file target-v9.tsv (TSV, C-alpha atoms)
chain	number	residue	atom	x	y	z
A	30	MET	CA	-19.36	3.66	-5.45
A	31	LEU	CA	-16.42	3.05	-3.16
A	32	ALA	CA	-13.56	5.54	-3.39
A	33	LEU	CA	-9.75	5.21	-2.99
A	34	SER	CA	-7.94	6.86	-0.05
A	35	ILE	CA	-4.39	8.29	0.32
A	36	ILE	CA	-2.28	7.83	3.53
A	37	LEU	CA	0.83	7.89	5.81
A	38	LEU	CA	2.28	5.41	8.36
A	39	ILE	CA	4.90	4.16	10.86
A	40	CYS	CA	5.76	0.48	11.06
A	41	VAL	CA	5.15	-0.19	14.71
A	42	HIS	CA	1.87	-1.97	14.00
A	43	CYS	CA	1.27	-3.01	10.41
A	44	PHE	CA	-1.77	-1.88	8.51
A	45	ALA	CA	-2.95	-4.95	6.61
A	46	ALA	CA	-6.68	-5.45	6.91
A	47	PRO	CA	-6.73	-9.06	8.19
A	48	GLN	CA	-6.65	-7.48	11.58
A	49	LYS	CA	-10.09	-7.12	9.98
A	50	GLN	CA	-11.61	-4.18	11.82
A	51	SER	CA	-15.37	-3.84	11.76
A	52	THR	CA	-14.56	-0.31	10.67
A	53	GLY	CA	-13.47	-1.53	7.21
A	54	PRO	CA	-10.79	0.11	5.07
A	55	ARG	CA	-9.92	3.68	3.89
A	56	ILE	CA	-7.35	6.58	4.40
A	57	ILE	CA	-7.73	9.08	7.23
A	58	GLY	CA	-8.14	12.68	6.05
A	59	GLY	CA	-7.96	11.77	2.38
A	60	GLU	CA	-10.21	13.05	-0.37
A	61	GLN	CA	-12.31	10.67	-2.41
A	62	VAL	CA	-10.77	10.07	-5.82
A	63	ASP	CA	-11.50	8.16	-8.98
A	64	ILE	CA	-9.20	5.38	-10.15
A	65	SER	CA	-8.33	7.53	-13.16
A	66	GLN	CA	-6.45	9.82	-10.76
A	67	VAL	CA	-4.36	6.95	-9.37
A	68	PRO	CA	-4.55	4.34	-12.18
A	69	TYR	CA	-1.60	2.39	-10.79
A	70	GLN	CA	-3.49	1.64	-7.55
A	71	VAL	CA	-4.32	-2.03	-6.97
A	72	ALA	CA	-6.67	-3.63	-4.45
A	73	ILE	CA	-5.31	-6.89	-3.01
A	74	LEU	CA	-8.17	-9.18	-2.05
A	75	LEU	CA	-7.99	-11.97	0.52
A	76	TYR	CA	-10.96	-14.35	0.53
A	77	GLY	CA	-12.66	-11.84	-1.76
A	78	GLN	CA	-12.35	-8.91	0.68
A	79	GLN	CA	-10.12	-5.85	0.34
A	80	ASP	CA	-7.07	-6.55	2.49
A	81	CYS	CA	-4.18	-4.42	1.26
A	82	GLY	CA	-3.17	-2.02	-1.44
A	83	GLY	CA	-0.54	-2.47	-4.13
A	84	THR	CA	1.04	-0.74	-7.10
A	85	LEU	CA	0.99	-1.93	-10.71
A	86	ILE	CA	4.60	-1.77	-11.95
A	87	SER	CA	4.20	-3.97	-15.04
A	88	PRO	CA	1.23	-5.66	-16.79
A	89	THR	CA	1.84	-8.79	-14.68
A	90	LYS	CA	3.59	-7.50	-11.53
A	91	VAL	CA	2.33	-5.71	-8.41
A	92	LEU	CA	4.56	-4.27	-5.69
A	93	THR	CA	3.21	-4.42	-2.14
A	94	ALA	CA	4.22	-4.93	1.49
A	95	GLN	CA	5.59	-8.24	2.73
A	96	HIS	CA	3.24	-8.26	5.70
A	97	CYS	CA	0.26	-8.37	3.33
A	98	TRP	CA	0.96	-12.09	3.01
A	99	LEU	CA	-0.90	-13.69	5.90
A	100	GLU	CA	0.78	-16.77	7.35
A	101	GLY	CA	-1.30	-19.89	6.81
A	102	THR	CA	-2.98	-18.63	3.63
A	103	ARG	CA	-2.62	-20.04	0.11
A	104	ILE	CA	-1.96	-18.33	-3.21
A	105	SER	CA	-5.48	-19.28	-4.28
A	106	ASP	CA	-6.89	-17.26	-1.37
A	107	TYR	CA	-5.68	-14.03	-3.00
A	108	SER	CA	-6.57	-12.03	-6.09
A	109	VAL	CA	-6.19	-8.42	-7.18
A	110	ARG	CA	-8.55	-5.90	-8.70
A	111	VAL	CA	-7.17	-3.26	-11.05
A	112	GLY	CA	-8.73	-0.39	-12.95
A	113	SER	CA	-11.65	0.27	-10.60
A	114	THR	CA	-12.52	2.86	-7.98
A	115	ASP	CA	-14.62	0.18	-6.29
A	116	TRP	CA	-12.57	-2.74	-4.94
A	117	GLU	CA	-15.65	-4.98	-5.08
A	118	ASN	CA	-16.68	-4.44	-8.69
A	119	GLY	CA	-15.52	-3.21	-12.08
A	120	GLY	CA	-12.12	-3.12	-13.69
A	121	GLN	CA	-10.46	-6.51	-13.81
A	122	GLU	CA	-10.09	-9.10	-11.06
A	123	ILE	CA	-7.05	-11.32	-11.61
A	124	GLU	CA	-5.80	-14.42	-9.81
A	125	ILE	CA	-2.19	-14.48	-8.68
A	126	THR	CA	0.47	-17.15	-9.18
A	127	ALA	CA	3.23	-16.00	-6.82
A	128	PHE	CA	3.73	-13.80	-3.77
A	129	ASP	CA	7.52	-13.28	-3.52
A	130	LEU	CA	8.67	-11.98	-0.13
A	131	HIS	CA	12.03	-10.30	0.45
A	132	ASP	CA	14.43	-12.42	2.49
A	133	VAL	CA	15.02	-11.12	6.01
A	134	PRO	CA	18.69	-11.29	7.06
A	135	LYS	CA	19.46	-13.13	10.28
A	136	GLY	CA	19.04	-10.87	13.28
A	137	GLU	CA	16.86	-8.41	11.36
A	138	THR	CA	13.09	-7.91	11.47
A	139	PHE	CA	10.81	-7.98	8.45
A	140	THR	CA	9.78	-4.37	9.13
A	141	SER	CA	13.04	-3.24	7.51
A	142	TYR	CA	12.36	-5.47	4.50
A	143	ASP	CA	8.62	-4.95	4.13
A	144	ILE	CA	8.38	-5.46	0.39
A	145	ALA	CA	6.93	-8.15	-1.88
A	146	VAL	CA	6.23	-8.74	-5.56
A	147	ILE	CA	2.98	-10.34	-6.70
A	148	THR	CA	2.85	-12.12	-10.05
A	149	LEU	CA	-0.51	-12.04	-11.84
A	150	LYS	CA	-1.95	-15.07	-13.64
A	151	SER	CA	-2.78	-12.94	-16.67
A	152	ALA	CA	-1.77	-9.51	-17.92
A	153	VAL	CA	-3.83	-6.43	-17.12
A	154	ASN	CA	-5.96	-5.40	-20.11
A	155	VAL	CA	-8.26	-2.62	-18.91
A	156	SER	CA	-7.70	1.02	-19.81
A	157	ASN	CA	-8.11	2.38	-16.27
A	158	ALA	CA	-5.13	0.35	-15.02
A	159	VAL	CA	-1.75	1.94	-15.84
A	160	THR	CA	1.73	0.96	-14.69
A	161	ILE	CA	3.98	3.44	-12.91
A	162	PRO	CA	7.80	3.57	-12.92
A	163	VAL	CA	9.71	3.02	-9.68
A	164	ASP	CA	12.47	5.15	-8.17
A	165	ASP	CA	16.01	4.47	-9.33
A	166	ALA	CA	18.54	3.11	-6.85
A	167	ASP	CA	20.29	6.48	-6.59
A	168	THR	CA	17.10	8.48	-5.96
A	169	VAL	CA	17.26	10.62	-2.83
A	170	HIS	CA	14.20	12.42	-1.49
A	171	VAL	CA	14.70	15.53	0.62
A	172	ASP	CA	12.57	17.16	3.30
A	173	GLY	CA	9.63	19.05	1.87
A	174	GLU	CA	9.04	16.96	-1.24
A	175	VAL	CA	5.38	16.04	-1.71
A	176	ALA	CA	4.16	12.44	-1.87
A	177	THR	CA	0.69	11.26	-2.88
A	178	ILE	CA	-0.61	8.28	-0.90
A	179	SER	CA	-3.71	6.29	-1.80
A	180	GLY	CA	-5.75	3.31	-0.65
A	181	TRP	CA	-8.99	1.87	0.70
A	182	GLY	CA	-8.00	1.95	4.38
A	183	VAL	CA	-10.05	3.13	7.36
A	184	THR	CA	-11.06	6.79	7.39
A	185	PHE	CA	-10.88	7.30	11.14
A	186	ASP	CA	-8.75	6.01	14.01
A	187	PRO	CA	-10.25	2.64	15.05
A	188	ALA	CA	-9.11	3.33	18.62
A	189	GLY	CA	-11.30	6.43	18.82
A	190	PRO	CA	-15.02	7.11	18.51
A	191	ILE	CA	-16.76	6.61	15.18
A	192	PRO	CA	-17.29	10.03	13.59
A	193	PRO	CA	-20.80	11.06	12.54
A	194	ASN	CA	-21.94	10.28	9.00
A	195	VAL	CA	-19.52	7.34	8.65
A	196	THR	CA	-20.94	4.10	7.24
A	197	VAL	CA	-19.03	1.42	9.12
A	198	GLY	CA	-17.57	-1.24	6.85
A	199	LYS	CA	-17.90	0.68	3.56
A	200	TYR	CA	-15.31	3.28	2.60
A	201	PRO	CA	-14.42	5.01	-0.67
A	202	LEU	CA	-11.11	5.17	-2.51
A	203	SER	CA	-9.19	8.17	-1.17
A	204	ALA	CA	-5.89	9.99	-1.59
A	205	ILE	CA	-3.84	12.55	0.33
A	206	ASN	CA	-0.63	14.53	-0.14
A	207	SER	CA	2.11	14.48	2.48
A	208	THR	CA	5.63	15.86	2.82
A	209	VAL	CA	8.91	14.01	3.19
A	210	ILE	CA	10.66	14.43	6.55
A	211	SER	CA	13.89	13.02	7.95
A	212	CYS	CA	13.63	9.62	9.65
A	213	ALA	CA	14.96	9.31	13.19
A	214	GLY	CA	17.93	6.96	13.40
A	215	GLY	CA	18.82	7.27	9.74
A	216	GLU	CA	17.18	3.98	8.68
A	217	SER	CA	18.09	3.64	4.99
A	218	ASN	CA	15.29	1.22	4.09
A	219	ILE	CA	12.41	3.49	5.06
A	220	LEU	CA	10.86	6.74	3.86
A	221	CYS	CA	9.19	8.98	6.45
A	222	LEU	CA	6.26	11.30	5.71
A	223	SER	CA	4.65	13.89	7.96
A	224	GLN	CA	1.17	12.94	9.20
A	225	GLN	CA	-0.24	15.84	11.26
A	226	GLY	CA	-3.37	13.84	12.10
A	227	ASP	CA	-3.97	12.48	8.59
A	228	GLY	CA	-2.60	9.42	6.84
A	229	ALA	CA	-2.62	5.70	6.26
A	230	CYS	CA	-4.35	3.22	8.50
A	231	TYR	CA	-5.73	-0.33	8.51
A	232	GLY	CA	-6.31	-1.61	4.98
A	233	ASP	CA	-3.83	0.79	3.36
A	234	SER	CA	-0.79	-1.46	3.79
A	235	GLY	CA	1.17	-2.15	0.64
A	236	GLY	CA	-0.22	0.88	-1.16
A	237	PRO	CA	1.78	3.54	-3.02
A	238	ALA	CA	3.51	6.76	-2.05
A	239	VAL	CA	4.26	8.54	-5.33
A	240	ILE	CA	6.72	11.41	-5.74
A	241	ASN	CA	7.33	13.15	-9.07
A	242	GLY	CA	5.43	10.50	-11.01
A	243	LYS	CA	7.40	7.55	-9.63
A	244	LEU	CA	6.75	5.01	-6.90
A	245	ALA	CA	8.89	6.14	-3.96
A	246	GLY	CA	7.39	4.29	-0.99
A	247	ILE	CA	5.18	1.41	0.08
A	248	VAL	CA	2.77	1.81	2.98
A	249	SER	CA	4.28	-0.33	5.72
A	250	GLY	CA	2.53	0.22	9.05
A	251	GLY	CA	2.42	2.37	12.15
A	252	ILE	CA	0.29	4.59	14.32
A	253	CYS	CA	-2.75	5.77	12.39
A	254	ALA	CA	-2.62	9.48	11.49
A	255	SER	CA	-0.44	10.49	14.44
A	256	TYR	CA	0.32	14.11	15.29
A	257	ILE	CA	3.61	12.99	16.86
A	258	TYR	CA	5.04	10.19	14.73
A	259	PRO	CA	5.68	10.23	10.98
A	260	GLY	CA	4.24	7.75	8.54
A	261	VAL	CA	6.77	5.05	7.68
A	262	PHE	CA	7.05	3.54	4.21
A	263	THR	CA	9.38	1.04	2.63
A	264	ARG	CA	11.86	3.08	0.60
A	265	VAL	CA	11.61	1.70	-2.94
A	266	SER	CA	15.02	2.98	-4.06
A	267	ALA	CA	16.70	0.83	-1.37
A	268	PHE	CA	15.34	-2.31	-3.06
A	269	ARG	CA	15.82	-1.36	-6.70
A	270	GLU	CA	18.00	-4.35	-7.63
A	271	TRP	CA	15.70	-6.78	-5.82
A	272	ILE	CA	12.70	-5.35	-7.69
A	273	LYS	CA	14.55	-5.73	-11.00
A	274	GLU	CA	15.38	-9.33	-10.17
A	275	HIS	CA	11.81	-10.29	-9.18
A	276	ALA	CA	9.71	-8.07	-11.44
A	277	ASP	CA	12.03	-7.42	-14.40
A	278	VAL	CA	11.36	-3.66	-14.35

call {"tool": "encode", "arguments": {"input": "target-v9.tsv", "output": "structure tokens"}}
result
Amino acid sequence: MLALSIILLICVHCFAAPQKQSTGPRIIGGEQVDISQVPYQVAILLYGQQDCGGTLISPTKVLTAQHCWLEGTRISDYSVRVGSTDWENGGQEIEITAFDLHDVPKGETFTSYDIAVITLKSAVNVSNAVTIPVDDADTVHVDGEVATISGWGVTFDPAGPIPPNVTVGKYPLSAINSTVISCAGGESNILCLSQQGDGACYGDSGGPAVINGKLAGIVSGGICASYIYPGVFTRVSAFREWIKEHADV
């Protein structure tokens, strides 16, 4: 049975899986977990393959990263699976009816607005899928707070050698804890987490970073499990009004 992984990132290179690595998806350094431990975790499927992660914020709405929408694709090419440790089977697979991307102001790049809301064709109705509240607009996270990151992304750096005992192309659901650190430059739309060689990677994009039982960040992109650079996430509190407008939560 595939397991869910937890991760960190920096949005220099984004971590959606359509950059489909032969390595497949899962978090680096994460521990295998069951969906019951992260019941809000969603697998976003593109052409029936795990492509990104997402977070269930209402019975019909999923929050994810904007870059998980691949240019040239159609709504019918996507679906989500909820309530299952295995992104291929179990739980409930649901078609989607909308993939709403945040507008990018003129002169800005989408990396500062890497957030999207997916609308499901039908409401979630399996017990292992549970919604999670999102941070309020005035939420401020300070250095040292602990975030839990999860997803089905790669479990080793694709640029390096394949570790022993790794089955290429098949990875379990994993999760990992990381600590909040200050972001260089004071970017208000992002949340930075320490990596120290562990964290998010390809396939983890769009997945959750949860602090104190609320969704605080969205896996955005970056250098896989760097010892030098922090993981970079979309800061949910910075988009609270937009989320309310598009997801009614």

call {"tool": "closest_residue", "arguments": {"input": "target-v9.tsv", "among": "A:Val153, A:Gly83, A:His131, A:Asp227", "to": "Cys253 in chain A", "atoms": "all atoms listed in the file"}}
result
A:Asp227

call {"tool": "residues_around", "arguments": {"input": "target-v9.tsv", "residues": "range 94-101 of chain A", "least_positions_apart": "5", "cutoff": "8 Å", "atoms": "all atoms listed in the file", "output": "ChimeraX atom specification"}}
result
/A:43,45,47,80-81,83,128,130-131,139,142-145,234-236,247-249,263

call {"tool": "write_last_selection", "arguments": {"input": "target-v9.tsv", "atoms": "C-alpha atoms", "output": "mmCIF file, in the frame of the given file"}}
result
data_model
loop_
_atom_site.group_PDB
_atom_site.id
_atom_site.type_symbol
_atom_site.label_atom_id
_atom_site.label_comp_id
_atom_site.auth_asym_id
_atom_site.auth_seq_id
_atom_site.Cartn_x
_atom_site.Cartn_y
_atom_site.Cartn_z
ATOM 1 C CA CYS A 43 1.270 -3.010 10.410
ATOM 2 C CA ALA A 45 -2.950 -4.950 6.610
ATOM 3 C CA PRO A 47 -6.730 -9.060 8.190
ATOM 4 C CA ASP A 80 -7.070 -6.550 2.490
ATOM 5 C CA CYS A 81 -4.180 -4.420 1.260
ATOM 6 C CA GLY A 83 -0.540 -2.470 -4.130
ATOM 7 C CA PHE A 128 3.730 -13.800 -3.770
ATOM 8 C CA LEU A 130 8.670 -11.980 -0.130
ATOM 9 C CA HIS A 131 12.030 -10.300 0.450
ATOM 10 C CA PHE A 139 10.810 -7.980 8.450
ATOM 11 C CA TYR A 142 12.360 -5.470 4.500
ATOM 12 C CA ASP A 143 8.620 -4.950 4.130
ATOM 13 C CA ILE A 144 8.380 -5.460 0.390
ATOM 14 C CA ALA A 145 6.930 -8.150 -1.880
ATOM 15 C CA SER A 234 -0.790 -1.460 3.790
ATOM 16 C CA GLY A 235 1.170 -2.150 0.640
ATOM 17 C CA GLY A 236 -0.220 0.880 -1.160
ATOM 18 C CA ILE A 247 5.180 1.410 0.080
ATOM 19 C CA VAL A 248 2.770 1.810 2.980
ATOM 20 C CA SER A 249 4.280 -0.330 5.720
ATOM 21 C CA THR A 263 9.380 1.040 2.630
#

call {"tool": "atom_distance", "arguments": {"input": "target-v9.tsv", "atom1": "CA of Ala204 in chain A", "atom2": "CA of Asp106 in chain A"}}
result
27.3 Å

call {"tool": "closest_residue", "arguments": {"input": "target-v9.tsv", "among": "A:Thr93, A:Gln79, A:Asn241, A:Ser141", "to": "Glu117 in chain A", "atoms": "all atoms listed in the file"}}
result
A:Gln79

call {"tool": "residues_around", "arguments": {"input": "target-v9.tsv", "residues": "Asn157 in chain A", "least_positions_apart": "3", "cutoff": "12 Å", "atoms": "only C-alpha atoms", "output": "list in words"}}
result
Asp63, Ile64, Ser65, Gln66, Val67, Pro68, Tyr69, Gln70, Val71, Leu85, Arg110, Val111, Gly112, Ser113, Thr114, Gly119, Gly120, Gln121, Val153, Asn154 and Thr160 of chain A

call {"tool": "write_last_selection", "arguments": {"input": "target-v9.tsv", "atoms": "C-alpha atoms", "output": "compact mmCIF listing (two decimals), in the frame of the given file"}}
result
# COMPACT_ATOMS: atom_id res chain seq x y z
CA ASP A 63 -11.50 8.16 -8.98
CA ILE A 64 -9.20 5.38 -10.15
CA SER A 65 -8.33 7.53 -13.16
CA GLN A 66 -6.45 9.82 -10.76
CA VAL A 67 -4.36 6.95 -9.37
CA PRO A 68 -4.55 4.34 -12.18
CA TYR A 69 -1.60 2.39 -10.79
CA GLN A 70 -3.49 1.64 -7.55
CA VAL A 71 -4.32 -2.03 -6.97
CA LEU A 85 0.99 -1.93 -10.71
CA ARG A 110 -8.55 -5.90 -8.70
CA VAL A 111 -7.17 -3.26 -11.05
CA GLY A 112 -8.73 -0.39 -12.95
CA SER A 113 -11.65 0.27 -10.60
CA THR A 114 -12.52 2.86 -7.98
CA GLY A 119 -15.52 -3.21 -12.08
CA GLY A 120 -12.12 -3.12 -13.69
CA GLN A 121 -10.46 -6.51 -13.81
CA VAL A 153 -3.83 -6.43 -17.12
CA ASN A 154 -5.96 -5.40 -20.11
CA THR A 160 1.73 0.96 -14.69

call {"tool": "residues_around", "arguments": {"input": "target-v9.tsv", "residues": "Tyr107 in chain A", "least_positions_apart": "6", "cutoff": "7 Å", "atoms": "all atoms listed in the file", "output": "list in words"}}
result
Leu74, Leu75, Tyr76, Glu124 and Ile125 of chain A

call {"tool": "residues_around", "arguments": {"input": "target-v9.tsv", "residues": "Ile123 in chain A", "least_positions_apart": "3", "cutoff": "8 Å", "atoms": "all atoms listed in the file", "output": "MDAnalysis selection string"}}
result
chainID A and resid 108:110 149:151

call {"tool": "closest_residue", "arguments": {"input": "target-v9.tsv", "among": "A:Ala267, A:Ala245, A:Ile240, A:Ile252", "to": "Asn218 in chain A", "atoms": "all atoms listed in the file"}}
result
A:Ala267

call {"tool": "atom_distance", "arguments": {"input": "target-v9.tsv", "atom1": "CA of Gly136 in chain A", "atom2": "CA of Asp277 in chain A"}}
result
28.8 Å

call {"tool": "closest_residue", "arguments": {"input": "target-v9.tsv", "among": "A:Cys230, A:Ile205, A:Val261, A:Val155", "to": "Ile178 in chain A", "atoms": "all atoms listed in the file"}}
result
A:Ile205

call {"tool": "residues_around", "arguments": {"input": "target-v9.tsv", "residues": "Asp167 in chain A", "least_positions_apart": "5", "cutoff": "12 Å", "atoms": "all atoms listed in the file", "output": "compact mmCIF listing (two decimals) with C-alpha atoms, keeping the file's coordinate frame"}}
result
# COMPACT_ATOMS: atom_id res chain seq x y z
CA ALA A 245 8.89 6.14 -3.96
CA ARG A 264 11.86 3.08 0.60
CA VAL A 265 11.61 1.70 -2.94
CA SER A 266 15.02 2.98 -4.06
CA ALA A 267 16.70 0.83 -1.37
CA PHE A 268 15.34 -2.31 -3.06
CA ARG A 269 15.82 -1.36 -6.70
CA GLU A 270 18.00 -4.35 -7.63

call {"tool": "residues_near_point", "arguments": {"input": "target-v9.tsv", "point": "(6.6, 19.7, 4.5)", "cutoff": "8 Å", "atoms": "all atoms listed in the file", "output": "mmCIF file with C-alpha atoms, in the coordinates of the input"}}
result
data_model
loop_
_atom_site.group_PDB
_atom_site.id
_atom_site.type_symbol
_atom_site.label_atom_id
_atom_site.label_comp_id
_atom_site.auth_asym_id
_atom_site.auth_seq_id
_atom_site.Cartn_x
_atom_site.Cartn_y
_atom_site.Cartn_z
ATOM 1 C CA ASP A 172 12.570 17.160 3.300
ATOM 2 C CA GLY A 173 9.630 19.050 1.870
ATOM 3 C CA GLU A 174 9.040 16.960 -1.240
ATOM 4 C CA VAL A 175 5.380 16.040 -1.710
ATOM 5 C CA SER A 207 2.110 14.480 2.480
ATOM 6 C CA THR A 208 5.630 15.860 2.820
ATOM 7 C CA VAL A 209 8.910 14.010 3.190
ATOM 8 C CA ILE A 210 10.660 14.430 6.550
ATOM 9 C CA SER A 223 4.650 13.890 7.960
#

call {"tool": "closest_residue", "arguments": {"input": "target-v9.tsv", "among": "A:Ser105, A:Thr126, A:Asn118, A:Thr148", "to": "Ser87 in chain A", "atoms": "all atoms listed in the file"}}
result
A:Thr148

call {"tool": "decode", "arguments": {"input": "target-v9.tsv", "residues": "range 141-170 of chain A", "atoms": "N, CA and C atoms", "output": "mmCIF file, in the first residue's frame"}}
result
data_model
loop_
_atom_site.group_PDB
_atom_site.id
_atom_site.type_symbol
_atom_site.label_atom_id
_atom_site.label_comp_id
_atom_site.auth_asym_id
_atom_site.auth_seq_id
_atom_site.Cartn_x
_atom_site.Cartn_y
_atom_site.Cartn_z
ATOM 1 N N SER A 141 4.442 34.248 -6.423
ATOM 2 C CA SER A 141 3.982 34.961 -5.237
ATOM 3 C C SER A 141 2.479 34.826 -5.044
ATOM 4 N N TYR A 142 1.823 34.145 -5.985
ATOM 5 C CA TYR A 142 0.373 33.961 -5.933
ATOM 6 C C TYR A 142 0.043 32.508 -6.266
ATOM 7 N N ASP A 143 0.831 31.606 -5.718
ATOM 8 C CA ASP A 143 0.756 30.191 -6.079
ATOM 9 C C ASP A 143 -0.332 29.491 -5.265
ATOM 10 N N ILE A 144 -1.575 29.792 -5.601
ATOM 11 C CA ILE A 144 -2.707 29.250 -4.869
ATOM 12 C C ILE A 144 -3.881 29.073 -5.824
ATOM 13 N N ALA A 145 -4.641 28.012 -5.615
ATOM 14 C CA ALA A 145 -5.796 27.718 -6.467
ATOM 15 C C ALA A 145 -6.838 26.966 -5.652
ATOM 16 N N VAL A 146 -8.087 27.094 -6.063
ATOM 17 C CA VAL A 146 -9.189 26.357 -5.442
ATOM 18 C C VAL A 146 -9.798 25.428 -6.482
ATOM 19 N N ILE A 147 -9.911 24.164 -6.126
ATOM 20 C CA ILE A 147 -10.556 23.163 -6.980
ATOM 21 C C ILE A 147 -11.961 22.913 -6.459
ATOM 22 N N THR A 148 -12.932 22.900 -7.378
ATOM 23 C CA THR A 148 -14.309 22.569 -7.024
ATOM 24 C C THR A 148 -14.612 21.150 -7.475
ATOM 25 N N LEU A 149 -15.119 20.333 -6.546
ATOM 26 C CA LEU A 149 -15.413 18.932 -6.830
ATOM 27 C C LEU A 149 -16.811 18.774 -7.422
ATOM 28 N N LYS A 150 -16.973 17.784 -8.282
ATOM 29 C CA LYS A 150 -18.264 17.538 -8.924
ATOM 30 C C LYS A 150 -19.294 17.046 -7.925
ATOM 31 N N SER A 151 -18.856 16.328 -6.921
ATOM 32 C CA SER A 151 -19.762 15.849 -5.871
ATOM 33 C C SER A 151 -19.067 15.957 -4.526
ATOM 34 N N ALA A 152 -19.856 15.995 -3.467
ATOM 35 C CA ALA A 152 -19.307 16.160 -2.124
ATOM 36 C C ALA A 152 -18.618 14.887 -1.647
ATOM 37 N N VAL A 153 -17.588 15.070 -0.861
ATOM 38 C CA VAL A 153 -16.870 13.948 -0.241
ATOM 39 C C VAL A 153 -17.807 13.226 0.727
ATOM 40 N N ASN A 154 -17.813 11.895 0.675
ATOM 41 C CA ASN A 154 -18.706 11.140 1.571
ATOM 42 C C ASN A 154 -18.057 9.878 2.122
ATOM 43 N N VAL A 155 -16.729 9.933 2.341
ATOM 44 C CA VAL A 155 -16.043 8.808 2.970
ATOM 45 C C VAL A 155 -15.475 9.256 4.316
ATOM 46 N N SER A 156 -15.481 8.352 5.271
ATOM 47 C CA SER A 156 -15.130 8.719 6.647
ATOM 48 C C SER A 156 -13.667 9.106 6.822
ATOM 49 N N ASN A 157 -12.784 8.586 5.985
ATOM 50 C CA ASN A 157 -11.355 8.873 6.131
ATOM 51 C C ASN A 157 -10.950 10.226 5.560
ATOM 52 N N ALA A 158 -11.894 10.957 4.966
ATOM 53 C CA ALA A 158 -11.613 12.280 4.414
ATOM 54 C C ALA A 158 -12.276 13.328 5.302
ATOM 55 N N VAL A 159 -11.463 14.209 5.892
ATOM 56 C CA VAL A 159 -11.961 15.194 6.854
ATOM 57 C C VAL A 159 -11.436 16.575 6.478
ATOM 58 N N THR A 160 -12.299 17.572 6.510
ATOM 59 C CA THR A 160 -11.864 18.934 6.195
ATOM 60 C C THR A 160 -11.023 19.502 7.334
ATOM 61 N N ILE A 161 -10.212 20.515 6.997
ATOM 62 C CA ILE A 161 -9.386 21.179 7.998
ATOM 63 C C ILE A 161 -9.603 22.684 7.869
ATOM 64 N N PRO A 162 -9.658 23.414 8.991
ATOM 65 C CA PRO A 162 -9.794 24.872 8.901
ATOM 66 C C PRO A 162 -8.511 25.505 8.388
ATOM 67 N N VAL A 163 -8.644 26.716 7.843
ATOM 68 C CA VAL A 163 -7.485 27.447 7.333
ATOM 69 C C VAL A 163 -7.157 28.604 8.267
ATOM 70 N N ASP A 164 -5.902 29.048 8.227
ATOM 71 C CA ASP A 164 -5.478 30.174 9.059
ATOM 72 C C ASP A 164 -6.335 31.407 8.802
ATOM 73 N N ASP A 165 -6.559 32.183 9.857
ATOM 74 C CA ASP A 165 -7.241 33.464 9.720
ATOM 75 C C ASP A 165 -6.289 34.481 9.104
ATOM 76 N N ALA A 166 -6.856 35.568 8.605
ATOM 77 C CA ALA A 166 -6.051 36.593 7.935
ATOM 78 C C ALA A 166 -5.021 37.220 8.860
ATOM 79 N N ASP A 167 -5.325 37.282 10.149
ATOM 80 C CA ASP A 167 -4.408 37.933 11.092
ATOM 81 C C ASP A 167 -3.446 36.958 11.760
ATOM 82 N N THR A 168 -3.414 35.706 11.297
ATOM 83 C CA THR A 168 -2.513 34.717 11.886
ATOM 84 C C THR A 168 -1.055 35.035 11.531
ATOM 85 N N VAL A 169 -0.207 35.026 12.551
ATOM 86 C CA VAL A 169 1.221 35.248 12.348
ATOM 87 C C VAL A 169 1.975 34.068 12.956
ATOM 88 N N HIS A 170 2.825 33.454 12.169
ATOM 89 C CA HIS A 170 3.626 32.331 12.671
ATOM 90 C C HIS A 170 5.048 32.801 12.942
#
